[in-house]
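Structure file data.cif (mmCIF, C-alpha atoms and all ligand atoms) follows.
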```cif
data_upload
#
loop_
_atom_site.label_atom_id
_atom_site.label_comp_id
_atom_site.auth_asym_id
_atom_site.auth_seq_id
_atom_site.Cartn_x
_atom_site.Cartn_y
_atom_site.Cartn_z
CA MET A 70 127.73 92.78 127.04
CA THR A 71 128.11 95.76 124.66
CA ARG A 72 126.12 98.99 125.13
CA GLY A 73 124.03 98.31 121.99
CA ARG A 74 123.01 94.88 123.22
CA LYS A 75 122.17 96.33 126.66
CA ARG A 76 119.89 98.92 124.99
CA THR A 77 118.16 96.21 122.94
CA ARG A 78 117.60 94.16 126.09
CA LYS A 79 116.17 97.19 127.91
CA ARG A 80 113.76 97.85 125.03
CA THR A 81 112.61 94.27 125.06
CA LEU A 82 112.03 94.42 128.82
CA LEU A 83 110.10 97.65 128.46
CA GLN A 84 107.96 96.15 125.71
CA THR A 85 107.23 93.13 127.89
CA ILE A 86 106.15 95.36 130.82
CA ILE A 87 103.86 97.39 128.49
CA HIS A 88 102.36 94.20 127.11
CA ILE A 89 101.61 92.85 130.63
CA MET A 90 100.08 96.18 131.72
CA GLN A 91 97.91 96.26 128.59
CA SER A 92 96.71 92.72 129.11
CA LEU A 93 95.76 93.58 132.70
CA ASN A 94 94.01 96.73 131.45
CA ILE A 95 96.32 98.86 133.60
CA ILE A 96 97.10 100.96 130.55
CA ASN A 97 95.11 101.34 127.34
CA GLN A 98 95.41 98.91 124.46
CA PRO A 99 96.81 100.51 121.29
CA GLN A 100 93.94 101.78 119.17
CA PRO A 101 93.77 101.56 115.36
CA PRO A 102 94.69 104.91 113.78
CA PRO A 103 91.66 107.21 113.70
CA LYS A 104 89.85 107.38 110.37
CA ARG A 105 91.12 110.37 108.48
CA ARG A 106 88.43 113.02 108.29
CA LEU A 107 87.65 114.49 104.92
CA PRO A 108 88.37 118.19 104.60
CA LYS A 109 85.27 120.33 104.13
CA TRP A 110 85.81 120.78 100.39
CA LEU A 111 85.42 117.03 99.89
CA LYS A 112 81.91 116.65 101.29
CA ARG A 113 79.38 115.28 98.78
CA PRO A 114 75.58 115.16 98.83
CA MET A 115 73.82 112.13 100.26
CA PRO A 116 72.19 109.64 97.84
CA SER A 117 68.86 110.94 96.58
CA ARG A 118 65.68 109.58 95.05
CA GLU A 119 66.66 111.15 91.73
CA MET A 120 69.29 108.44 91.34
CA ALA A 121 66.63 105.74 91.16
CA PHE A 122 66.00 105.91 87.42
CA THR A 123 69.66 105.37 86.50
CA SER A 124 69.96 102.72 89.15
CA GLY A 125 66.91 100.93 87.76
CA VAL A 126 68.21 100.91 84.17
CA VAL A 127 71.64 99.63 85.22
CA GLU A 128 70.09 96.89 87.35
CA ASP A 129 67.45 95.95 84.83
CA LEU A 130 70.00 95.46 82.07
CA ASN A 131 72.46 93.73 84.37
CA LEU A 132 75.26 96.14 83.57
CA GLU A 133 78.38 97.09 85.46
CA THR A 134 79.35 100.71 86.03
CA VAL A 135 82.64 102.09 87.21
CA CYS A 136 80.58 104.58 89.21
CA GLU A 137 79.58 101.75 91.57
CA SER A 138 82.55 99.43 91.27
CA ALA A 139 85.11 102.14 91.95
CA LYS A 140 82.89 103.82 94.58
CA CYS A 141 83.03 107.11 92.73
CA PRO A 142 82.23 110.11 94.95
CA ASN A 143 80.28 111.77 92.13
CA ARG A 144 77.69 109.06 91.79
CA THR A 145 74.97 111.02 93.58
CA GLU A 146 75.32 113.89 91.16
CA CYS A 147 75.91 111.92 87.96
CA TRP A 148 73.19 109.36 88.51
CA ALA A 149 70.67 112.02 89.46
CA GLN A 150 71.46 113.58 86.08
CA LYS A 151 70.98 110.19 84.38
CA THR A 152 74.65 109.77 83.51
CA ALA A 153 76.74 106.71 84.18
CA THR A 154 79.97 105.22 82.90
CA PHE A 155 79.53 101.68 81.67
CA MET A 156 82.17 99.13 82.55
CA ILE A 157 82.39 96.28 80.07
CA LEU A 158 84.13 92.89 80.05
CA GLY A 159 82.91 91.89 83.51
CA ASN A 160 83.41 93.06 87.06
CA VAL A 161 86.65 91.26 87.88
CA CYS A 162 90.02 92.69 86.93
CA THR A 163 93.29 90.89 86.19
CA ARG A 164 95.53 93.65 87.62
CA PRO A 165 96.31 94.39 91.27
CA CYS A 166 96.30 98.22 91.19
CA GLY A 167 96.67 99.61 94.69
CA PHE A 168 94.11 102.39 94.31
CA CYS A 169 91.24 100.46 92.80
CA SER A 170 88.39 98.68 94.57
CA ILE A 171 87.25 96.58 91.61
CA PRO A 172 87.53 92.89 92.58
CA LYS A 173 90.58 91.04 91.30
CA GLY A 174 90.82 87.39 90.44
CA LYS A 175 89.12 84.91 88.19
CA THR A 176 87.37 86.60 85.32
CA GLY A 177 84.15 85.52 83.64
CA ALA A 178 83.25 84.93 80.02
CA VAL A 179 82.82 87.89 77.69
CA LEU A 180 79.08 88.24 77.18
CA PRO A 181 78.16 88.65 73.52
CA ASP A 182 74.92 90.51 74.30
CA GLU A 183 76.69 93.17 76.38
CA PRO A 184 77.12 95.65 73.49
CA GLN A 185 73.35 95.62 72.92
CA ARG A 186 72.62 96.00 76.62
CA VAL A 187 74.96 98.99 76.87
CA ALA A 188 73.30 100.50 73.81
CA GLU A 189 69.86 99.96 75.29
CA ALA A 190 70.91 101.60 78.56
CA ALA A 191 72.26 104.59 76.66
CA GLU A 192 68.96 104.83 74.81
CA ARG A 193 66.80 104.54 77.94
CA LEU A 194 68.91 107.13 79.76
CA GLY A 195 68.74 109.43 76.75
CA LEU A 196 72.50 109.83 76.64
CA GLU A 197 74.03 111.90 73.89
CA TYR A 198 77.53 111.20 75.12
CA VAL A 199 78.42 107.74 76.33
CA VAL A 200 81.57 106.79 78.23
CA ILE A 201 82.62 103.15 78.11
CA THR A 202 85.42 101.75 80.19
CA CYS A 203 86.49 98.24 81.13
CA VAL A 204 88.27 96.05 83.61
CA THR A 205 91.75 95.04 82.44
CA ARG A 206 91.54 91.66 80.77
CA ASP A 207 95.10 90.41 80.44
CA ASP A 208 93.62 86.92 80.15
CA LEU A 209 92.08 87.64 76.74
CA PRO A 210 94.35 87.43 73.68
CA ASP A 211 93.17 90.84 72.41
CA GLY A 212 92.58 92.33 75.89
CA GLY A 213 88.91 92.81 74.95
CA ALA A 214 89.53 95.11 71.97
CA GLU A 215 86.99 93.43 69.70
CA HIS A 216 84.35 93.71 72.41
CA PHE A 217 85.10 97.42 72.75
CA PHE A 218 84.67 97.75 68.98
CA GLN A 219 81.29 96.02 69.14
CA CYS A 220 80.12 98.20 72.04
CA ILE A 221 81.03 101.43 70.28
CA GLN A 222 79.23 100.30 67.12
CA ALA A 223 76.14 99.15 68.99
CA VAL A 224 75.76 102.43 70.91
CA ARG A 225 76.25 104.47 67.74
CA GLU A 226 73.80 102.47 65.70
CA ARG A 227 71.10 102.51 68.33
CA THR A 228 71.42 106.05 69.70
CA GLY A 229 73.65 108.16 67.46
CA ALA A 230 75.43 109.27 70.62
CA GLN A 231 79.08 110.24 70.76
CA VAL A 232 81.25 107.65 72.43
CA GLU A 233 84.32 108.12 74.60
CA VAL A 234 86.37 105.07 75.50
CA LEU A 235 88.58 104.75 78.55
CA THR A 236 90.66 101.70 77.87
CA SER A 237 93.26 99.50 79.53
CA ASP A 238 96.74 99.46 77.98
CA PHE A 239 96.01 96.14 76.18
CA ARG A 240 99.50 95.15 77.38
CA GLY A 241 100.80 97.33 74.57
CA ASN A 242 99.27 95.09 71.87
CA ARG A 243 99.26 97.44 68.89
CA ASP A 244 96.72 95.37 66.93
CA SER A 245 94.26 95.60 69.80
CA ILE A 246 94.72 99.34 70.09
CA SER A 247 94.23 99.67 66.31
CA ARG A 248 91.00 97.70 66.50
CA VAL A 249 89.53 100.17 68.98
CA ILE A 250 90.75 103.11 66.87
CA GLU A 251 88.96 101.54 63.87
CA ALA A 252 85.63 102.01 65.65
CA LYS A 253 86.35 105.76 65.62
CA PRO A 254 85.59 106.69 69.22
CA ASP A 255 84.94 110.40 69.63
CA VAL A 256 87.53 110.55 72.39
CA PHE A 257 90.18 107.94 73.17
CA ASN A 258 91.08 108.06 76.86
CA HIS A 259 93.77 106.15 78.66
CA ASN A 260 94.77 107.19 82.17
CA MET A 261 98.36 107.50 83.37
CA GLU A 262 96.85 107.53 86.91
CA SER A 263 100.05 108.46 88.75
CA VAL A 264 103.71 109.40 88.43
CA PRO A 265 106.18 106.70 87.32
CA ARG A 266 107.98 106.57 90.70
CA LEU A 267 104.77 105.30 92.32
CA TYR A 268 103.72 102.80 89.66
CA HIS A 269 104.94 99.79 91.66
CA ARG A 270 102.41 100.63 94.39
CA VAL A 271 99.65 102.42 92.54
CA ARG A 272 99.58 100.72 89.15
CA ARG A 273 101.45 97.47 89.53
CA ASN A 274 101.89 95.52 86.24
CA ALA A 275 101.46 98.70 84.22
CA VAL A 276 104.37 100.32 82.41
CA TYR A 277 104.61 104.09 82.25
CA GLN A 278 106.15 104.22 78.76
CA ARG A 279 103.67 101.65 77.47
CA SER A 280 100.79 103.94 78.42
CA LEU A 281 102.43 106.89 76.71
CA ASP A 282 103.02 104.72 73.64
CA LEU A 283 99.33 103.83 73.49
CA LEU A 284 98.31 107.48 73.38
CA HIS A 285 101.00 108.12 70.79
CA GLN A 286 99.72 105.29 68.60
CA VAL A 287 96.19 106.70 68.65
CA LYS A 288 97.50 110.06 67.45
CA GLN A 289 99.65 108.45 64.77
CA GLU A 290 96.86 106.30 63.37
CA SER A 291 94.03 108.77 63.81
CA PRO A 292 95.32 112.33 64.27
CA GLU A 293 91.77 113.72 64.28
CA THR A 294 90.76 111.67 67.34
CA PRO A 295 91.14 113.67 70.55
CA THR A 296 93.18 111.76 73.12
CA LYS A 297 92.71 112.16 76.82
CA SER A 298 94.43 111.08 80.00
CA GLY A 299 94.04 111.50 83.74
CA LEU A 300 95.93 111.61 87.00
CA MET A 301 94.99 111.14 90.64
CA LEU A 302 96.75 113.23 93.24
CA GLY A 303 97.26 112.54 96.92
CA LEU A 304 99.28 109.32 96.69
CA GLY A 305 102.66 110.78 97.58
CA GLU A 306 103.64 112.42 94.30
CA THR A 307 105.30 115.81 94.08
CA MET A 308 103.96 118.63 91.91
CA GLU A 309 107.20 118.56 89.90
CA GLU A 310 106.61 114.89 89.12
CA VAL A 311 103.02 115.62 88.09
CA LEU A 312 104.14 118.36 85.74
CA GLU A 313 106.72 116.01 84.23
CA VAL A 314 103.98 113.49 83.45
CA CYS A 315 101.87 116.25 81.91
CA ALA A 316 104.82 117.35 79.77
CA ASP A 317 105.31 113.72 78.66
CA LEU A 318 101.63 113.58 77.72
CA ARG A 319 102.04 116.63 75.54
CA THR A 320 105.01 115.05 73.76
CA VAL A 321 102.70 112.23 72.62
CA GLY A 322 100.06 114.76 71.53
CA CYS A 323 97.55 114.22 74.33
CA ASP A 324 94.75 116.79 74.01
CA LEU A 325 92.60 116.53 77.13
CA LEU A 326 93.64 116.14 80.73
CA THR A 327 91.81 115.41 83.97
CA ILE A 328 93.39 115.74 87.40
CA GLY A 329 91.51 114.83 90.58
CA GLN A 330 91.96 113.90 94.24
CA TYR A 331 92.51 110.21 95.04
CA LEU A 332 90.07 109.00 97.70
CA GLN A 333 90.61 105.65 99.37
CA PRO A 334 87.59 103.52 98.36
CA SER A 335 87.97 101.15 101.34
CA ALA A 336 90.53 100.07 103.94
CA ASP A 337 91.93 97.57 101.42
CA GLN A 338 93.29 100.26 99.12
CA LEU A 339 96.21 102.66 99.48
CA PRO A 340 95.71 105.40 102.05
CA VAL A 341 95.48 109.04 101.03
CA GLU A 342 98.81 110.76 101.64
CA ARG A 343 97.50 114.28 101.20
CA PHE A 344 94.29 116.16 100.47
CA ILE A 345 95.20 118.79 97.92
CA PRO A 346 93.33 122.08 98.47
CA PRO A 347 91.20 123.38 95.58
CA GLU A 348 93.51 126.39 95.07
CA GLU A 349 96.42 124.04 94.34
CA PHE A 350 94.30 122.20 91.79
CA ASP A 351 93.50 125.55 90.15
CA GLU A 352 97.13 126.52 90.01
CA LEU A 353 98.15 123.15 88.61
CA GLY A 354 95.39 123.40 86.00
CA GLU A 355 96.79 126.74 84.85
CA GLN A 356 100.29 125.33 84.59
CA CYS A 357 99.03 122.38 82.55
CA ARG A 358 97.05 124.64 80.23
CA SER A 359 100.24 126.50 79.49
CA LEU A 360 101.74 123.20 78.30
CA GLY A 361 99.31 123.29 75.39
CA PHE A 362 96.46 120.90 76.29
CA SER A 363 93.22 121.82 74.52
CA MET A 364 91.32 121.33 77.75
CA VAL A 365 92.30 120.66 81.36
CA ALA A 366 89.92 119.83 84.19
CA SER A 367 91.65 120.01 87.55
CA GLY A 368 89.82 119.84 90.87
CA PRO A 369 89.20 117.60 93.87
CA PHE A 370 86.20 115.80 92.33
CA VAL A 371 87.42 115.63 88.77
CA ARG A 372 87.35 112.10 87.41
CA SER A 373 88.02 110.84 83.86
CA SER A 374 84.36 110.65 83.04
CA TYR A 375 83.07 113.53 85.18
CA HIS A 376 81.23 115.90 82.82
CA ALA A 377 83.06 114.13 80.01
CA GLY A 378 80.56 115.20 77.35
CA GLU A 379 80.89 118.86 78.30
CA MET A 380 84.65 118.61 78.27
CA ALA A 381 84.68 117.03 74.82
CA GLY A 382 82.04 119.49 73.60
CA GLU A 383 84.14 122.46 74.58
CA VAL A 384 87.03 121.33 72.44
CA SER A 385 85.19 119.62 69.59
CA SER A 386 85.29 122.74 67.42
CA GLY A 387 89.03 122.20 67.13
CA PHE A 388 88.62 118.63 65.96
CA THR A 389 86.92 116.85 63.12
CA VAL A 390 83.92 115.15 64.70
CA HIS A 391 83.65 111.65 63.32
CA SER A 392 80.73 111.11 61.03
CA ARG A 393 78.41 108.30 61.94
S1 LIG A 401 82.31 110.78 87.57
FE1 LIG A 401 82.20 109.11 86.11
S2 LIG A 401 82.51 107.25 87.34
FE2 LIG A 401 81.99 108.92 88.74
S3 LIG A 401 79.76 108.76 89.01
FE3 LIG A 401 80.16 110.25 87.38
S4 LIG A 401 80.03 109.03 85.52
FE4 LIG A 401 80.29 107.60 87.19
#
```
For this file, produce the structure as structure tokens.
Amino acid sequence: MTRGRKRTRKRTLLQTIIHIMQSLNIINQPQPPPKRRLPKWLKRPMPSREMAFTSGVVEDLNLETVCESAKCPNRTECWAQKTATFMILGNVCTRPCGFCSIPKGKTGAVLPDEPQRVAEAAERLGLEYVVITCVTRDDLPDGGAEHFFQCIQAVRERTGAQVEVLTSDFRGNRDSISRVIEAKPDVFNHNMESVPRLYHRVRRNAVYQRSLDLLHQVKQESPETPTKSGLMLGLGETMEEVLEVCADLRTVGCDLLTIGQYLQPSADQLPVERFIPPEEFDELGEQCRSLGFSMVASGPFVRSSYHAGEMAGEVSSGFTVHSR
């Protein structure tokens, strides 16, 4: 018997002894890894009664919000301030992204009255700036572009509010992207989410270049429309990789950038690799500003739609605001 085989046999024997001792409770059973504690800068307020109004409107109109579906940590604050991000095209997604808690699987029919329900919610909440996002609908020939168009129009007509869209990549379908541009959203947002090296885990079925191309197309077809993108940190990326993505975003003319901390919504999603301290977010924000973005929000709780109206408002002087 060679030395290597002897060592393997010894290990096997040792494992067997441990197993017997564990089953007899002579030594402790292995415990699941302890739940990672949040650092103190990531503590958020408990749900409050002030959230009830927003909650009531969303429930009453049978709407989906990404605030709830993605278990957003800012929900207490946003909902208390009567702000929510509407998620259209259902509550089931056709993509298996590793970071996202939205259910995946069989999708439902597109509901023709949804644009009016979103518009009514915006009216009841008194929103002057409405963010509309969606689940990815690879099962629809246009990826849901026409429905986006109808939602933007309905909100505008009913409330006069500004509308920001946060879309899927429409599988790169240029006609679909054009259809959304035609509705003249006040901001066109599409998130890169992570660095290309991690796409296979974080954003499976997405294509890094395809997302850049989408933002480029918006700028080509409607140069006056501010484009926006976002990244989550804490999934194993390096700062160099993040800065490379930000530089790529600038090459396609992206104007606004959000960078926040990834938080694992439940045990079914990817674990957090690192909690980035606020000072690092500040420093990264500075570096990104120097790349030429009109506005950068970088911080642990920053999300695409967090204070989206304020972010757009701060830069709107540099853009032609679409007439309605
Ligand atoms: S940050 Fe956006 S998704 Fe999160 S609660 Fe606020 S509005 Fe909803």
Quick one: contact table of chain A to ligand LIG 401 (chain A), 8 Å max, nearest atom pair and distance in Å to one decimal per residue, counting only C-alpha atoms and all ligand atoms, chain and number order, as a tab-separated table?
```
residue	atom	partner	partner_atom	distance
A:Thr134	CA	A:LIG401	FE4	7.0
A:Val135	CA	A:LIG401	S2	5.2
A:Cys136	CA	A:LIG401	FE4	3.6
A:Glu137	CA	A:LIG401	FE4	7.3
A:Ala139	CA	A:LIG401	S2	7.4
A:Lys140	CA	A:LIG401	FE2	7.8
A:Cys141	CA	A:LIG401	FE2	4.5
A:Pro142	CA	A:LIG401	FE2	6.3
A:Asn143	CA	A:LIG401	S3	4.4
A:Arg144	CA	A:LIG401	S3	3.5
A:Thr145	CA	A:LIG401	S3	7.0
A:Glu146	CA	A:LIG401	S3	7.1
A:Cys147	CA	A:LIG401	FE3	4.6
A:Trp148	CA	A:LIG401	S3	6.6
A:Thr152	CA	A:LIG401	S4	5.8
A:Ala153	CA	A:LIG401	S4	4.2
A:Thr154	CA	A:LIG401	S4	4.6
A:Val200	CA	A:LIG401	S4	7.8
A:Phe370	CA	A:LIG401	S1	7.9
A:Val371	CA	A:LIG401	S1	7.1
A:Arg372	CA	A:LIG401	S1	5.2
A:Ser373	CA	A:LIG401	FE1	6.5
A:Ser374	CA	A:LIG401	FE1	4.1
A:Tyr375	CA	A:LIG401	S1	3.7
A:His376	CA	A:LIG401	S1	7.1
A:Ala377	CA	A:LIG401	FE1	7.9
```
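Pairwise distance (CA of Lys288 in chain A, CA of Gly322 in chain A) equals 6.7 Å.
Atom pair CA of Leu339 in chain A / CA of Cys323 in chain A: separated by 27.7 Å.
You can rank A:Arg193, A:Lys112, A:Arg106, A:Arg270 by their closest distance to Val126 in chain A using only C-alpha atoms, and at the top of that list sits A:Arg193.
Each of A:Val287, A:Cys203, A:Ala223, A:Leu281 was compared to Ala191 in chain A using only C-alpha atoms, and A:Ala223 turns out to be the nearest.
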Shell of 9 Å around Ile345 in chain A, all atoms listed in the file, local chain residues under 6 positions omitted, as a list of chain:residue names: A:Leu302, A:Gly303, A:Gln330, A:Gly368, A:Pro369
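Proximity ranking of A:Leu300, A:Pro292, A:Arg186, A:Pro108 relative to Leu312 in chain A places A:Leu300 first, based on all atoms listed in the file.
The space between CA of Asp282 in chain A and CA of Thr205 in chain A spans 17.3 Å.
Among the candidates A:Ile157, A:Cys315, A:Leu332, A:Met120, the one nearest to Gly212 in chain A when counting all atoms listed in the file is A:Ile157.
Ranking A:Arg358, A:Arg266, A:Lys151, A:Arg164 by their shortest atom-to-atom distance to Thr176 in chain A, with all atoms listed in the file included, puts A:Arg164 first.
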Enumerate, in order of chain and increasing residue number, the residues of range 229-259 of chain A with an atom no farther than 9 Å from range 378-381 of chain A, each with its shortest atom pair and distance in Å to one decimal, counting only C-alpha atoms, as a tab-separated table.
```
residue	atom	partner	partner_atom	distance
A:Gln231	CA	A:Gly378	CA	8.4
A:Glu233	CA	A:Gly378	CA	8.5
A:Asp255	CA	A:Ala381	CA	8.4
A:Val256	CA	A:Ala381	CA	7.5
```
query: Residues at most 9 Å from Phe217 in chain A, counting all atoms listed in the file, excluding those fewer than 4 positions away in the same chain, as a list in words?
result: Ile157, Leu158, Pro184, Ile201, Thr202, Cys203, Gly213, Ile221, Gln222, Val234, Thr236, Arg248, Val249 and Ala252 of chain A
Padding of 5 Å on every side, edges along x, y and z, all listed atoms of range 370-381 of chain A included: what centre and edge lengths in Å, to one decimal, does that box have, as lines of an AutoDock Vina configuration file?
```
center_x = 84.3
center_y = 114.8
center_z = 83.6
size_x = 17.5
size_y = 18.2
size_z = 27.5
```
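You can rank A:Leu360, A:Met301, A:Val127, A:Ala275 by their closest distance to Ala316 in chain A using all atoms listed in the file, and at the top of that list sits A:Leu360.
Look at His259 in chain A: the protein and nucleic acid residues within 9 Å of it, using all atoms listed in the file and passing over chain neighbours fewer than 3 places away, are Val234, Leu235, Thr236, Ser237, Asp238, Glu262, Ser280, Leu281, Leu283, Leu284, Thr296, Lys297, Ser298 and Gly299 of chain A.
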message: Counting all atoms listed in the file, I want the residues whose atoms come within 6 Å of (72.3, 112.7, 68.3) in the file frame, returned as a ChimeraX atom specification.
response: /A:197,229-230
- request: Extract, using only C-alpha atoms, all DNA, RNA and protein residues at most 8 Å from Val264 in chain A, discarding same-chain residues fewer than 2 positions from it, and format them as a ChimeraX atom specification.
  value: /A:261-262,266-268,306,310-311,314
